[in-house]
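Enquirer: Sharing final.pdb here; it has PDB, C-alpha atoms, pLDDT in the B column.
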```pdb
ATOM      1  CA  MET A 423     268.250 -30.556 112.062  1.00 49.00           C
ATOM      2  CA  SER A 424     268.262 -27.029 113.447  1.00 54.00           C
ATOM      3  CA  VAL A 425     267.866 -23.901 111.327  1.00 53.00           C
ATOM      4  CA  LEU A 426     271.506 -23.048 112.030  1.00 48.00           C
ATOM      5  CA  GLY A 427     272.553 -26.577 111.010  1.00 53.00           C
ATOM      6  CA  ASN A 428     270.651 -26.240 107.715  1.00 55.00           C
ATOM      7  CA  LEU A 429     272.237 -22.851 107.068  1.00 49.00           C
ATOM      8  CA  THR A 430     275.685 -24.321 107.767  1.00 58.00           C
ATOM      9  CA  ARG A 431     275.022 -27.075 105.223  1.00 52.00           C
ATOM     10  CA  ARG A 432     274.146 -24.480 102.589  1.00 56.00           C
ATOM     11  CA  VAL A 433     277.235 -22.315 103.100  1.00 54.00           C
ATOM     12  CA  GLY A 434     279.575 -25.301 103.482  1.00 56.00           C
ATOM     13  CA  HIS A 435     280.262 -25.217  99.720  1.00 54.00           C
ATOM     14  CA  TYR A 436     281.861 -21.779  99.814  1.00 52.00           C
ATOM     15  CA  ARG A 437     285.644 -21.496  99.951  1.00 60.00           C
ATOM     16  CA  TRP A 438     285.458 -18.918 102.751  1.00 55.00           C
ATOM     17  CA  PHE A 439     283.572 -21.438 104.894  1.00 60.00           C
ATOM     18  CA  GLY A 440     286.412 -23.972 104.704  1.00 61.00           C
ATOM     19  CA  THR A 441     288.938 -21.268 105.570  1.00 59.00           C
ATOM     20  CA  ALA A 442     286.889 -20.036 108.520  1.00 59.00           C
ATOM     21  CA  ALA A 443     286.170 -23.567 109.750  1.00 62.00           C
ATOM     22  CA  ARG A 444     289.890 -24.488 109.698  1.00 58.00           C
ATOM     23  CA  LEU A 445     290.562 -21.462 111.894  1.00 59.00           C
ATOM     24  CA  LEU A 446     287.897 -22.633 114.357  1.00 63.00           C
ATOM     25  CA  VAL A 447     289.212 -26.216 114.675  1.00 61.00           C
ATOM     26  CA  PRO A 448     291.538 -25.394 117.634  1.00 65.00           C
ATOM     27  CA  ALA A 449     288.591 -23.880 119.541  1.00 64.00           C
ATOM     28  CA  ASP A 450     286.438 -26.874 118.593  1.00 63.00           C
ATOM     29  CA  ARG A 451     289.112 -29.206 120.014  1.00 62.00           C
ATOM     30  CA  VAL A 452     289.030 -27.305 123.319  1.00 65.00           C
ATOM     31  CA  ILE A 453     285.218 -27.357 123.476  1.00 66.00           C
ATOM     32  CA  GLY A 454     285.202 -31.070 122.644  1.00 63.00           C
ATOM     33  CA  ARG A 455     287.767 -31.782 125.361  1.00 66.00           C
ATOM     34  CA  LEU A 456     285.960 -29.672 127.972  1.00 70.00           C
ATOM     35  CA  THR A 457     282.607 -31.309 127.228  1.00 68.00           C
ATOM     36  CA  ARG A 458     284.162 -34.780 126.893  1.00 63.00           C
ATOM     37  CA  GLY A 459     282.928 -35.043 123.315  1.00 60.00           C
ATOM     38  CA  ARG A 460     279.347 -34.004 124.063  1.00 58.00           C
ATOM     39  CA  VAL A 461     279.648 -30.783 122.041  1.00 58.00           C
ATOM     40  CA  VAL A 462     281.683 -30.825 118.832  1.00 55.00           C
ATOM     41  CA  ALA A 463     281.159 -28.584 115.790  1.00 56.00           C
ATOM     42  CA  LEU A 464     279.045 -26.415 118.077  1.00 51.00           C
ATOM     43  CA  GLY A 465     276.485 -29.212 118.123  1.00 52.00           C
ATOM     44  CA  LEU A 466     275.388 -28.338 114.563  1.00 59.00           C
ATOM     45  CA  MET A 467     276.280 -31.666 112.939  1.00 68.00           C
ATOM     46  CA  PRO A 468     276.846 -35.216 114.188  1.00 81.00           C
ATOM     47  CA  SER A 469     280.471 -34.946 115.239  1.00 83.00           C
ATOM     48  CA  LEU A 470     283.066 -36.846 117.201  1.00 88.00           C
ATOM     49  CA  VAL A 471     286.599 -36.288 118.411  1.00 87.00           C
ATOM     50  CA  ILE A 472     289.069 -38.856 117.089  1.00 94.00           C
ATOM     51  CA  THR A 473     292.345 -39.504 118.869  1.00 94.00           C
ATOM     52  CA  THR A 474     295.007 -41.141 116.730  1.00 97.00           C
ATOM     53  CA  THR A 475     298.666 -41.895 117.415  1.00 97.00           C
ATOM     54  CA  GLY A 476     300.996 -39.539 115.587  1.00 96.00           C
ATOM     55  CA  ARG A 477     302.851 -41.523 112.949  1.00 94.00           C
ATOM     56  CA  ARG A 478     306.104 -39.617 113.578  1.00 94.00           C
ATOM     57  CA  SER A 479     305.753 -38.360 117.135  1.00 95.00           C
ATOM     58  CA  GLY A 480     303.997 -41.371 118.666  1.00 96.00           C
ATOM     59  CA  LYS A 481     301.897 -38.864 120.664  1.00 96.00           C
ATOM     60  CA  PRO A 482     298.100 -38.774 120.833  1.00 96.00           C
ATOM     61  CA  ARG A 483     296.543 -36.371 118.324  1.00 93.00           C
ATOM     62  CA  SER A 484     292.881 -35.327 118.610  1.00 89.00           C
ATOM     63  CA  ASN A 485     290.681 -33.856 115.898  1.00 86.00           C
ATOM     64  CA  PRO A 486     286.973 -33.040 115.687  1.00 84.00           C
ATOM     65  CA  LEU A 487     285.268 -34.662 112.702  1.00 88.00           C
ATOM     66  CA  LEU A 488     281.799 -34.901 111.232  1.00 90.00           C
ATOM     67  CA  TYR A 489     280.624 -38.514 111.067  1.00 95.00           C
ATOM     68  CA  VAL A 490     277.727 -40.595 109.870  1.00 95.00           C
ATOM     69  CA  PRO A 491     276.642 -43.758 111.657  1.00 96.00           C
ATOM     70  CA  ASP A 492     276.820 -47.071 109.826  1.00 97.00           C
ATOM     71  CA  GLY A 493     275.469 -49.795 112.082  1.00 96.00           C
ATOM     72  CA  ASP A 494     277.696 -49.705 115.180  1.00 95.00           C
ATOM     73  CA  ALA A 495     280.506 -48.009 113.227  1.00 97.00           C
ATOM     74  CA  TYR A 496     281.282 -44.348 112.565  1.00 98.00           C
ATOM     75  CA  VAL A 497     282.133 -43.199 109.035  1.00 98.00           C
ATOM     76  CA  VAL A 498     284.550 -40.292 108.570  1.00 98.00           C
ATOM     77  CA  ILE A 499     286.169 -38.730 105.521  1.00 97.00           C
ATOM     78  CA  GLY A 500     289.592 -37.148 105.062  1.00 96.00           C
ATOM     79  CA  SER A 501     288.332 -34.227 102.978  1.00 92.00           C
ATOM     80  CA  ASN A 502     290.554 -31.681 104.737  1.00 89.00           C
ATOM     81  CA  TRP A 503     288.079 -29.004 103.593  1.00 80.00           C
ATOM     82  CA  GLY A 504     289.101 -29.667  99.990  1.00 84.00           C
ATOM     83  CA  GLN A 505     292.804 -28.955 100.450  1.00 84.00           C
ATOM     84  CA  ALA A 506     295.302 -30.645  98.130  1.00 90.00           C
ATOM     85  CA  HIS A 507     296.902 -32.672 100.936  1.00 90.00           C
ATOM     86  CA  HIS A 508     295.580 -35.409 103.207  1.00 94.00           C
ATOM     87  CA  PRO A 509     294.788 -34.503 106.818  1.00 94.00           C
ATOM     88  CA  GLY A 510     297.296 -35.687 109.400  1.00 95.00           C
ATOM     89  CA  TRP A 511     294.745 -37.789 111.266  1.00 96.00           C
ATOM     90  CA  ALA A 512     294.049 -39.855 108.106  1.00 97.00           C
ATOM     91  CA  MET A 513     297.765 -40.473 107.584  1.00 97.00           C
ATOM     92  CA  ASN A 514     298.000 -41.499 111.247  1.00 97.00           C
ATOM     93  CA  LEU A 515     295.183 -44.038 110.792  1.00 98.00           C
ATOM     94  CA  LEU A 516     296.960 -45.579 107.815  1.00 97.00           C
ATOM     95  CA  ALA A 517     300.106 -45.980 109.941  1.00 97.00           C
ATOM     96  CA  ASP A 518     298.197 -47.271 112.997  1.00 97.00           C
ATOM     97  CA  PRO A 519     294.472 -48.047 112.608  1.00 98.00           C
ATOM     98  CA  ALA A 520     293.857 -48.234 116.387  1.00 97.00           C
ATOM     99  CA  ALA A 521     292.230 -45.045 117.664  1.00 98.00           C
ATOM    100  CA  GLU A 522     289.644 -43.733 120.109  1.00 96.00           C
ATOM    101  CA  VAL A 523     286.581 -41.617 119.497  1.00 95.00           C
ATOM    102  CA  ASP A 524     284.605 -39.441 121.870  1.00 88.00           C
ATOM    103  CA  VAL A 525     280.979 -39.512 120.791  1.00 88.00           C
ATOM    104  CA  LYS A 526     278.285 -37.831 122.865  1.00 83.00           C
ATOM    105  CA  GLY A 527     280.404 -38.121 125.995  1.00 82.00           C
ATOM    106  CA  ARG A 528     281.421 -41.767 125.450  1.00 90.00           C
ATOM    107  CA  ARG A 529     285.048 -42.709 124.797  1.00 92.00           C
ATOM    108  CA  ILE A 530     285.152 -45.722 122.474  1.00 95.00           C
ATOM    109  CA  PRO A 531     288.202 -47.599 121.157  1.00 97.00           C
ATOM    110  CA  VAL A 532     287.943 -48.183 117.415  1.00 98.00           C
ATOM    111  CA  ARG A 533     289.833 -49.737 114.538  1.00 98.00           C
ATOM    112  CA  ALA A 534     289.904 -47.797 111.271  1.00 98.00           C
ATOM    113  CA  GLU A 535     289.036 -49.650 108.088  1.00 98.00           C
ATOM    114  CA  PRO A 536     289.798 -47.736 104.870  1.00 98.00           C
ATOM    115  CA  ALA A 537     286.860 -48.083 102.475  1.00 98.00           C
ATOM    116  CA  SER A 538     287.251 -49.083  98.835  1.00 97.00           C
ATOM    117  CA  GLY A 539     285.192 -50.247  95.875  1.00 97.00           C
ATOM    118  CA  ALA A 540     281.444 -50.668  96.292  1.00 97.00           C
ATOM    119  CA  GLU A 541     281.728 -50.178 100.070  1.00 97.00           C
ATOM    120  CA  ARG A 542     283.383 -46.786  99.522  1.00 97.00           C
ATOM    121  CA  ASP A 543     280.616 -45.809  97.083  1.00 97.00           C
ATOM    122  CA  ARG A 544     277.946 -46.767  99.632  1.00 98.00           C
ATOM    123  CA  LEU A 545     279.649 -44.820 102.435  1.00 98.00           C
ATOM    124  CA  TRP A 546     280.205 -41.825 100.149  1.00 97.00           C
ATOM    125  CA  GLN A 547     276.430 -41.612  99.625  1.00 97.00           C
ATOM    126  CA  LEU A 548     275.878 -41.609 103.402  1.00 96.00           C
ATOM    127  CA  LEU A 549     278.466 -38.847 103.832  1.00 95.00           C
ATOM    128  CA  VAL A 550     277.173 -36.508 101.109  1.00 93.00           C
ATOM    129  CA  THR A 551     273.631 -36.935 102.371  1.00 91.00           C
ATOM    130  CA  GLU A 552     274.808 -35.530 105.720  1.00 87.00           C
ATOM    131  CA  TRP A 553     277.238 -32.930 104.310  1.00 84.00           C
ATOM    132  CA  PRO A 554     276.633 -32.144 100.610  1.00 87.00           C
ATOM    133  CA  ALA A 555     279.694 -29.871 100.502  1.00 86.00           C
ATOM    134  CA  TYR A 556     281.927 -32.966 100.323  1.00 89.00           C
ATOM    135  CA  ARG A 557     281.186 -32.970  96.577  1.00 88.00           C
ATOM    136  CA  THR A 558     282.694 -29.490  96.357  1.00 87.00           C
ATOM    137  CA  TYR A 559     285.695 -30.534  98.444  1.00 86.00           C
ATOM    138  CA  VAL A 560     286.470 -33.360  96.007  1.00 91.00           C
ATOM    139  CA  GLN A 561     286.612 -30.858  93.137  1.00 87.00           C
ATOM    140  CA  ARG A 562     288.713 -28.435  95.170  1.00 86.00           C
ATOM    141  CA  ALA A 563     291.184 -31.155  96.203  1.00 90.00           C
ATOM    142  CA  GLY A 564     292.387 -31.346  92.612  1.00 88.00           C
ATOM    143  CA  GLY A 565     292.102 -35.075  92.008  1.00 81.00           C
ATOM    144  CA  ARG A 566     293.392 -36.197  95.407  1.00 88.00           C
ATOM    145  CA  ASP A 567     291.851 -39.525  96.431  1.00 90.00           C
ATOM    146  CA  ILE A 568     289.854 -38.497  99.487  1.00 94.00           C
ATOM    147  CA  ARG A 569     289.970 -41.324 101.990  1.00 97.00           C
ATOM    148  CA  ILE A 570     286.914 -42.685 103.754  1.00 98.00           C
ATOM    149  CA  PHE A 571     287.221 -44.740 106.940  1.00 98.00           C
ATOM    150  CA  ARG A 572     284.788 -46.921 108.885  1.00 98.00           C
ATOM    151  CA  LEU A 573     285.689 -46.671 112.564  1.00 98.00           C
ATOM    152  CA  VAL A 574     284.627 -49.986 114.050  1.00 98.00           C
ATOM    153  CA  PRO A 575     284.279 -50.201 117.850  1.00 97.00           C
ATOM    154  CA  THR A 576     286.567 -52.693 119.552  1.00 96.00           C
ATOM    155  CA  GLY A 577     286.634 -53.992 123.107  1.00 75.00           C
ATOM    156  CA  ARG A 578     285.357 -52.121 126.128  1.00 58.00           C
ATOM    157  CA  GLY A 579     283.125 -49.141 125.413  1.00 48.00           C
ATOM    158  CA  ALA A 580     281.828 -50.611 122.146  1.00 45.00           C
ATOM    159  CA  PRO A 581     278.076 -50.361 121.631  1.00 47.00           C
ATOM    160  CA  ALA A 582     276.361 -53.510 122.872  1.00 45.00           C
ATOM    161  CA  GLY A 583     273.741 -53.728 120.148  1.00 45.00           C
ATOM    162  CA  PRO A 584     270.029 -53.052 120.450  1.00 42.00           C
ATOM    163  CA  PRO A 585     268.500 -52.696 123.894  1.00 39.00           C
ATOM    164  CA  PRO A 586     266.513 -55.664 125.179  1.00 37.00           C
ATOM    165  CA  ALA A 587     262.810 -55.670 124.347  1.00 42.00           C
ATOM    166  CA  GLY A 588     260.288 -55.032 127.013  1.00 40.00           C
TER     167      GLY A 588
END
```
Using structure tokens, write down the structure from this file.
Expert:
Amino acid sequence: MSVLGNLTRRVGHYRWFGTAARLLVPADRVIGRLTRGRVVALGLMPSLVITTTGRRSGKPRSNPLLYVPDGDAYVVIGSNWGQAHHPGWAMNLLADPAAEVDVKGRRIPVRAEPASGAERDRLWQLLVTEWPAYRTYVQRAGGRDIRIFRLVPTGRGAPAGPPPAG
């Protein structure tokens, strides 16, 4: 990880960071769209752009998110920077789990699987290893159950598994 990425991890716990980051999300969406998902979160963290279907509008809604890989799947968390309410994209996934992600310039259809029990605990450990500030966001969220999703590739564009040997 870069020096700037390490610094970002350290300041991610501060309340001002969450406020500033929320203000930068619209610019991050534009950068993600212009680079077709190759650059998200200024390239500091492993990030993707998720496109969900709005649960009320029925329109596509795109959001940049940090993720951790889990096999062929992508794990994301609805921390909403520690706010008391769930992010819209997480509510959209509960209403319609079909979505698309742009990861490193690849558009991949996925199906969201909410994590629970031991699986949630395992994925939580992956997430806080990548972004330790999630622990702070849980405290800040005031007891809100922060949702974790595994985004499992479906159909065309899904990773094909390991490359052939040789």
Enquirer: Write out as a PyMOL selection string each polymer residue whose atoms come within 12 Å of A:Arg478, counting all atoms listed in the file; drop sequence neighbours fewer than 5 positions from it.
Expert: chain A and resi 483+510-511+513-514+517-518
Enquirer: Fewer than 3 positions away in the same chain doesn't count, so skip those; otherwise give me all residues within 8 Å of stretch 520-525 of chain A, counting all atoms listed in the file, as a PyMOL selection string.
Expert: chain A and resi 458-460+469-475+515+528-534
Enquirer: Considering only C-alpha atoms, return as an MDAnalysis selection string whatever protein or nucleic-acid residues lie within 9 Å of A:Arg572, sequence-local ones (same chain, fewer than 2 positions apart) excluded.
Expert: chainID A and resid 492 495:499 533:537 545 570 574
Enquirer: Have a look at atom CA of A:Glu541 and atom CA of A:Gly476 and let me know their distance in Å, one decimal.
Expert: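 Interatomic distance, atom CA of A:Glu541 to atom CA of A:Gly476: 26.9 Å.
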Enquirer: Output the residue selection produced by the PyMOL selection byres ((chain A and resi 560-564) around 7) on the file above, formatted as a list in words.
Expert: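 Applied to this file, the PyMOL selection byres ((chain A and resi 560-564) around 7) selects Gly504, Gln505, Ala506, Tyr556, Arg557, Thr558, Tyr559, Gly565 and Arg566 of chain A.
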Enquirer: Produce a file of the selected residues containing C-alpha atoms, as a tab-separated table (two decimals), in the frame of the given file.
Expert:
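Result file is part_39.tsv:
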```
chain	number	residue	atom	x	y	z
A	504	GLY	CA	289.10	-29.67	99.99
A	505	GLN	CA	292.80	-28.96	100.45
A	506	ALA	CA	295.30	-30.64	98.13
A	556	TYR	CA	281.93	-32.97	100.32
A	557	ARG	CA	281.19	-32.97	96.58
A	558	THR	CA	282.69	-29.49	96.36
A	559	TYR	CA	285.70	-30.53	98.44
A	565	GLY	CA	292.10	-35.08	92.01
A	566	ARG	CA	293.39	-36.20	95.41
```
Enquirer: One decimal, in Å: what's the spacing between atom CA of A:Gly493 and atom CA of A:His507?
Expert: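 These atoms are spaced 29.6 Å apart.
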